Amino acid sequence: MPLPRRMWAGSQFEFHSPLRVGDALTRTSTIHDVTEKSGRTGPLVFVKVRHEVRRAGETAVALTEFHDIVYREAANPDDAPPEPQPAPADAAWETRWVPDDVLLFRYSALTFNGHRIHYDRRYVTEVEGYPG
């Protein structure tokens, strides 16, 4: 893939039979689809990977996951970050908090997302070019 920035874009799951803690599993992954697009930030490549999970020794699929991945160009340090979008002001209720590095790390752990942009603020701002 000629585009170096790889990001998770989504997943869809189909549970066909229960998986239990302690089950020995096998996973077979195949590329299901590749689509090239052009976005506001340049070329994009979307890859849909189909993962089939089976209990070891069984032929029936217990879980099917479609994992969507997007590839983008490397960040340009001269690019201006996008303007933040304010939340709607007419919500029925609201809770305010200031996220910090620990909360980001916990969220990333909860979602099993080990990408460096989810736990290293300096990397996010200095290498990836995000506003933090």
# chains A, B, ... in the order shown; residues from 1 in each chain; ligands from 1
call {"tool": "select_by_dssp", "arguments": {"residues": "range 28-85 of chain A", "states": "strand (DSSP E)", "output": "NGL selection string"}}
result
:A and (28-39 or 42-55 or 63-72)
call {"tool": "write_last_selection", "arguments": {"atoms": "N, CA, C and O atoms", "output": "compact mmCIF listing (two decimals), in the first residue's frame"}}
result
# COMPACT_ATOMS: atom_id res chain seq x y z
N THR A 28 -9.35 -16.75 10.08
CA THR A 28 -8.93 -16.67 8.69
C THR A 28 -9.32 -15.29 8.17
O THR A 28 -10.49 -14.90 8.26
N SER A 29 -8.35 -14.55 7.65
CA SER A 29 -8.60 -13.19 7.18
C SER A 29 -8.34 -13.12 5.68
O SER A 29 -7.33 -13.62 5.20
N THR A 30 -9.29 -12.49 4.98
CA THR A 30 -9.15 -12.30 3.54
C THR A 30 -9.54 -10.87 3.19
O THR A 30 -10.40 -10.27 3.83
N ILE A 31 -8.89 -10.34 2.16
CA ILE A 31 -9.26 -9.01 1.68
C ILE A 31 -10.54 -9.17 0.88
O ILE A 31 -10.60 -9.91 -0.10
N HIS A 32 -11.58 -8.49 1.31
CA HIS A 32 -12.91 -8.59 0.71
C HIS A 32 -13.11 -7.55 -0.39
O HIS A 32 -13.75 -7.82 -1.41
N ASP A 33 -12.55 -6.33 -0.19
CA ASP A 33 -12.76 -5.26 -1.16
C ASP A 33 -11.69 -4.19 -0.97
O ASP A 33 -11.23 -3.96 0.16
N VAL A 34 -11.29 -3.55 -2.06
CA VAL A 34 -10.37 -2.42 -2.04
C VAL A 34 -10.98 -1.33 -2.91
O VAL A 34 -11.32 -1.58 -4.07
N THR A 35 -11.14 -0.12 -2.35
CA THR A 35 -11.75 0.99 -3.07
C THR A 35 -10.88 2.22 -2.93
O THR A 35 -10.54 2.62 -1.82
N GLU A 36 -10.51 2.80 -4.07
CA GLU A 36 -9.74 4.05 -4.06
C GLU A 36 -10.70 5.22 -4.18
O GLU A 36 -11.64 5.19 -4.97
N LYS A 37 -10.44 6.27 -3.37
CA LYS A 37 -11.26 7.47 -3.41
C LYS A 37 -10.35 8.68 -3.27
O LYS A 37 -9.18 8.56 -2.90
N SER A 38 -10.90 9.84 -3.53
CA SER A 38 -10.18 11.08 -3.30
C SER A 38 -11.00 11.91 -2.33
O SER A 38 -12.19 12.14 -2.55
N GLY A 39 -10.36 12.35 -1.26
CA GLY A 39 -11.05 13.13 -0.25
C GLY A 39 -10.48 14.53 -0.13
O GLY A 39 -9.59 14.93 -0.88
N GLY A 42 -6.79 14.44 0.18
CA GLY A 42 -6.00 13.74 -0.83
C GLY A 42 -6.51 12.33 -1.08
O GLY A 42 -7.64 11.99 -0.74
N PRO A 43 -5.65 11.49 -1.67
CA PRO A 43 -6.08 10.14 -2.00
C PRO A 43 -6.30 9.28 -0.76
O PRO A 43 -5.62 9.43 0.25
N LEU A 44 -7.30 8.40 -0.87
CA LEU A 44 -7.64 7.47 0.20
C LEU A 44 -7.82 6.09 -0.41
O LEU A 44 -8.32 5.96 -1.53
N VAL A 45 -7.45 5.07 0.32
CA VAL A 45 -7.73 3.70 -0.09
C VAL A 45 -8.44 3.02 1.07
O VAL A 45 -7.93 2.99 2.19
N PHE A 46 -9.64 2.50 0.80
CA PHE A 46 -10.43 1.79 1.80
C PHE A 46 -10.29 0.29 1.54
O PHE A 46 -10.50 -0.17 0.42
N VAL A 47 -9.93 -0.44 2.57
CA VAL A 47 -9.76 -1.88 2.47
C VAL A 47 -10.73 -2.53 3.45
O VAL A 47 -10.76 -2.17 4.64
N LYS A 48 -11.54 -3.44 2.94
CA LYS A 48 -12.47 -4.19 3.79
C LYS A 48 -11.91 -5.61 3.92
O LYS A 48 -11.71 -6.30 2.92
N VAL A 49 -11.62 -6.00 5.15
CA VAL A 49 -11.06 -7.33 5.43
C VAL A 49 -12.14 -8.17 6.11
O VAL A 49 -12.81 -7.71 7.03
N ARG A 50 -12.31 -9.37 5.62
CA ARG A 50 -13.27 -10.30 6.22
C ARG A 50 -12.50 -11.26 7.11
O ARG A 50 -11.57 -11.94 6.67
N HIS A 51 -12.86 -11.27 8.40
CA HIS A 51 -12.27 -12.20 9.36
C HIS A 51 -13.33 -13.25 9.71
O HIS A 51 -14.46 -12.90 10.05
N GLU A 52 -12.97 -14.51 9.59
CA GLU A 52 -13.85 -15.60 10.01
C GLU A 52 -13.21 -16.30 11.19
O GLU A 52 -12.07 -16.77 11.10
N VAL A 53 -13.94 -16.37 12.30
CA VAL A 53 -13.43 -16.97 13.52
C VAL A 53 -14.17 -18.27 13.76
O VAL A 53 -15.41 -18.31 13.72
N ARG A 54 -13.39 -19.33 13.99
CA ARG A 54 -13.95 -20.66 14.26
C ARG A 54 -13.35 -21.20 15.54
O ARG A 54 -12.21 -20.89 15.87
N ARG A 55 -14.11 -22.03 16.22
CA ARG A 55 -13.52 -22.79 17.31
C ARG A 55 -12.55 -23.79 16.69
O ARG A 55 -12.84 -24.35 15.64
N LEU A 63 -18.01 -16.50 14.21
CA LEU A 63 -18.06 -15.04 14.16
C LEU A 63 -17.49 -14.56 12.84
O LEU A 63 -16.44 -15.03 12.40
N THR A 64 -18.19 -13.65 12.20
CA THR A 64 -17.69 -12.98 10.99
C THR A 64 -17.55 -11.51 11.30
O THR A 64 -18.48 -10.88 11.81
N GLU A 65 -16.36 -10.97 11.03
CA GLU A 65 -16.13 -9.53 11.20
C GLU A 65 -15.70 -8.95 9.87
O GLU A 65 -14.85 -9.51 9.19
N PHE A 66 -16.30 -7.83 9.50
CA PHE A 66 -15.82 -7.04 8.38
C PHE A 66 -15.12 -5.84 8.98
O PHE A 66 -15.73 -5.02 9.67
N HIS A 67 -13.82 -5.74 8.75
CA HIS A 67 -12.97 -4.70 9.35
C HIS A 67 -12.63 -3.70 8.24
O HIS A 67 -12.02 -4.06 7.24
N ASP A 68 -13.03 -2.45 8.44
CA ASP A 68 -12.77 -1.40 7.46
C ASP A 68 -11.52 -0.61 7.87
O ASP A 68 -11.43 -0.10 8.98
N ILE A 69 -10.57 -0.52 6.94
CA ILE A 69 -9.31 0.19 7.17
C ILE A 69 -9.19 1.26 6.09
O ILE A 69 -9.53 1.02 4.93
N VAL A 70 -8.72 2.46 6.46
CA VAL A 70 -8.47 3.50 5.48
C VAL A 70 -6.99 3.85 5.52
O VAL A 70 -6.39 3.95 6.58
N TYR A 71 -6.42 4.00 4.34
CA TYR A 71 -5.03 4.42 4.19
C TYR A 71 -5.01 5.82 3.61
O TYR A 71 -5.76 6.13 2.69
N ARG A 72 -4.13 6.69 4.18
CA ARG A 72 -4.02 8.08 3.75
C ARG A 72 -2.56 8.44 3.55
O ARG A 72 -1.66 7.73 4.00
call {"tool": "residues_around", "arguments": {"residues": "Ser17 in chain A", "least_positions_apart": "6", "cutoff": "9 Å", "atoms": "only C-alpha atoms", "output": "ChimeraX atom specification"}}
result
/A:60-63
call {"tool": "write_last_selection", "arguments": {"atoms": "C-alpha atoms", "output": "tab-separated table (two decimals), in the first residue's frame"}}
result
chain	number	residue	atom	x	y	z
A	60	ALA	CA	-18.60	-23.77	11.04
A	61	VAL	CA	-17.88	-20.04	11.39
A	62	ALA	CA	-18.76	-18.72	14.86
A	63	LEU	CA	-18.06	-15.04	14.16
call {"tool": "closest_residue", "arguments": {"among": "A:Arg96, A:Asp101, A:Phe112, A:Arg106", "to": "Val124 in chain A", "atoms": "only C-alpha atoms"}}
result
A:Asp101
call {"tool": "atom_distance", "arguments": {"atom1": "CA of Arg5 in chain A", "atom2": "CA of Glu128 in chain A"}}
result
8.9 Å
call {"tool": "select_by_dssp", "arguments": {"residues": "range 40-119 of chain A", "states": "helix (DSSP H, G or I)", "output": "PDB file with N, CA, C and O atoms, in the first residue's frame"}}
result
ATOM      1  N   ASP A 101      -4.566  12.656  28.976  1.00  0.00           N
ATOM      2  CA  ASP A 101      -3.847  11.510  28.429  1.00  0.00           C
ATOM      3  C   ASP A 101      -4.295  10.187  29.045  1.00  0.00           C
ATOM      4  O   ASP A 101      -4.373   9.166  28.370  1.00  0.00           O
ATOM      5  N   VAL A 102      -4.612  10.191  30.329  1.00  0.00           N
ATOM      6  CA  VAL A 102      -5.036   8.952  31.002  1.00  0.00           C
ATOM      7  C   VAL A 102      -6.391   8.494  30.469  1.00  0.00           C
ATOM      8  O   VAL A 102      -6.585   7.314  30.172  1.00  0.00           O
ATOM      9  N   LEU A 103      -7.338   9.423  30.306  1.00  0.00           N
ATOM     10  CA  LEU A 103      -8.651   9.057  29.775  1.00  0.00           C
ATOM     11  C   LEU A 103      -8.526   8.519  28.350  1.00  0.00           C
ATOM     12  O   LEU A 103      -9.161   7.528  27.988  1.00  0.00           O
ATOM     13  N   LEU A 104      -7.693   9.155  27.539  1.00  0.00           N
ATOM     14  CA  LEU A 104      -7.478   8.682  26.179  1.00  0.00           C
ATOM     15  C   LEU A 104      -6.893   7.277  26.182  1.00  0.00           C
ATOM     16  O   LEU A 104      -7.323   6.407  25.423  1.00  0.00           O
ATOM     17  N   PHE A 105      -5.936   7.038  27.065  1.00  0.00           N
ATOM     18  CA  PHE A 105      -5.342   5.710  27.164  1.00  0.00           C
ATOM     19  C   PHE A 105      -6.389   4.673  27.569  1.00  0.00           C
ATOM     20  O   PHE A 105      -6.474   3.591  26.990  1.00  0.00           O
ATOM     21  N   ARG A 106      -7.228   5.011  28.553  1.00  0.00           N
ATOM     22  CA  ARG A 106      -8.263   4.071  29.000  1.00  0.00           C
ATOM     23  C   ARG A 106      -9.271   3.783  27.892  1.00  0.00           C
ATOM     24  O   ARG A 106      -9.688   2.649  27.700  1.00  0.00           O
ATOM     25  N   TYR A 107      -9.689   4.827  27.171  1.00  0.00           N
ATOM     26  CA  TYR A 107     -10.620   4.634  26.062  1.00  0.00           C
ATOM     27  C   TYR A 107     -10.002   3.715  25.010  1.00  0.00           C
ATOM     28  O   TYR A 107     -10.643   2.803  24.504  1.00  0.00           O
ATOM     29  N   SER A 108      -8.753   3.960  24.694  1.00  0.00           N
ATOM     30  CA  SER A 108      -8.081   3.141  23.686  1.00  0.00           C
ATOM     31  C   SER A 108      -7.954   1.693  24.144  1.00  0.00           C
ATOM     32  O   SER A 108      -8.106   0.769  23.353  1.00  0.00           O
ATOM     33  N   ALA A 109      -7.682   1.484  25.433  1.00  0.00           N
ATOM     34  CA  ALA A 109      -7.599   0.123  25.960  1.00  0.00           C
ATOM     35  C   ALA A 109      -8.959  -0.555  25.882  1.00  0.00           C
ATOM     36  O   ALA A 109      -9.066  -1.722  25.500  1.00  0.00           O
ATOM     37  N   LEU A 110     -10.006   0.186  26.218  1.00  0.00           N
ATOM     38  CA  LEU A 110     -11.359  -0.364  26.187  1.00  0.00           C
ATOM     39  C   LEU A 110     -11.758  -0.790  24.776  1.00  0.00           C
ATOM     40  O   LEU A 110     -12.437  -1.793  24.579  1.00  0.00           O
ATOM     41  N   ARG A 116      -0.612   4.379  18.095  1.00  0.00           N
ATOM     42  CA  ARG A 116       0.124   5.368  18.878  1.00  0.00           C
ATOM     43  C   ARG A 116      -0.612   6.706  19.022  1.00  0.00           C
ATOM     44  O   ARG A 116      -0.441   7.397  20.021  1.00  0.00           O
ATOM     45  N   ILE A 117      -1.447   7.057  18.053  1.00  0.00           N
ATOM     46  CA  ILE A 117      -2.158   8.328  18.175  1.00  0.00           C
ATOM     47  C   ILE A 117      -3.149   8.308  19.334  1.00  0.00           C
ATOM     48  O   ILE A 117      -3.658   9.346  19.724  1.00  0.00           O
ATOM     49  N   HIS A 118      -3.412   7.132  19.894  1.00  0.00           N
ATOM     50  CA  HIS A 118      -4.384   7.021  20.973  1.00  0.00           C
ATOM     51  C   HIS A 118      -3.760   7.059  22.362  1.00  0.00           C
ATOM     52  O   HIS A 118      -4.479   6.969  23.349  1.00  0.00           O
TER      53      HIS A 118
END
call {"tool": "atom_distance", "arguments": {"atom1": "CA of Thr59 in chain A", "atom2": "CA of Gln12 in chain A"}}
result
21.4 Å
call {"tool": "closest_residue", "arguments": {"among": "A:Gly57, A:Pro99, A:Pro81, A:Pro86", "to": "Ala24 in chain A", "atoms": "only C-alpha atoms"}}
result
A:Gly57
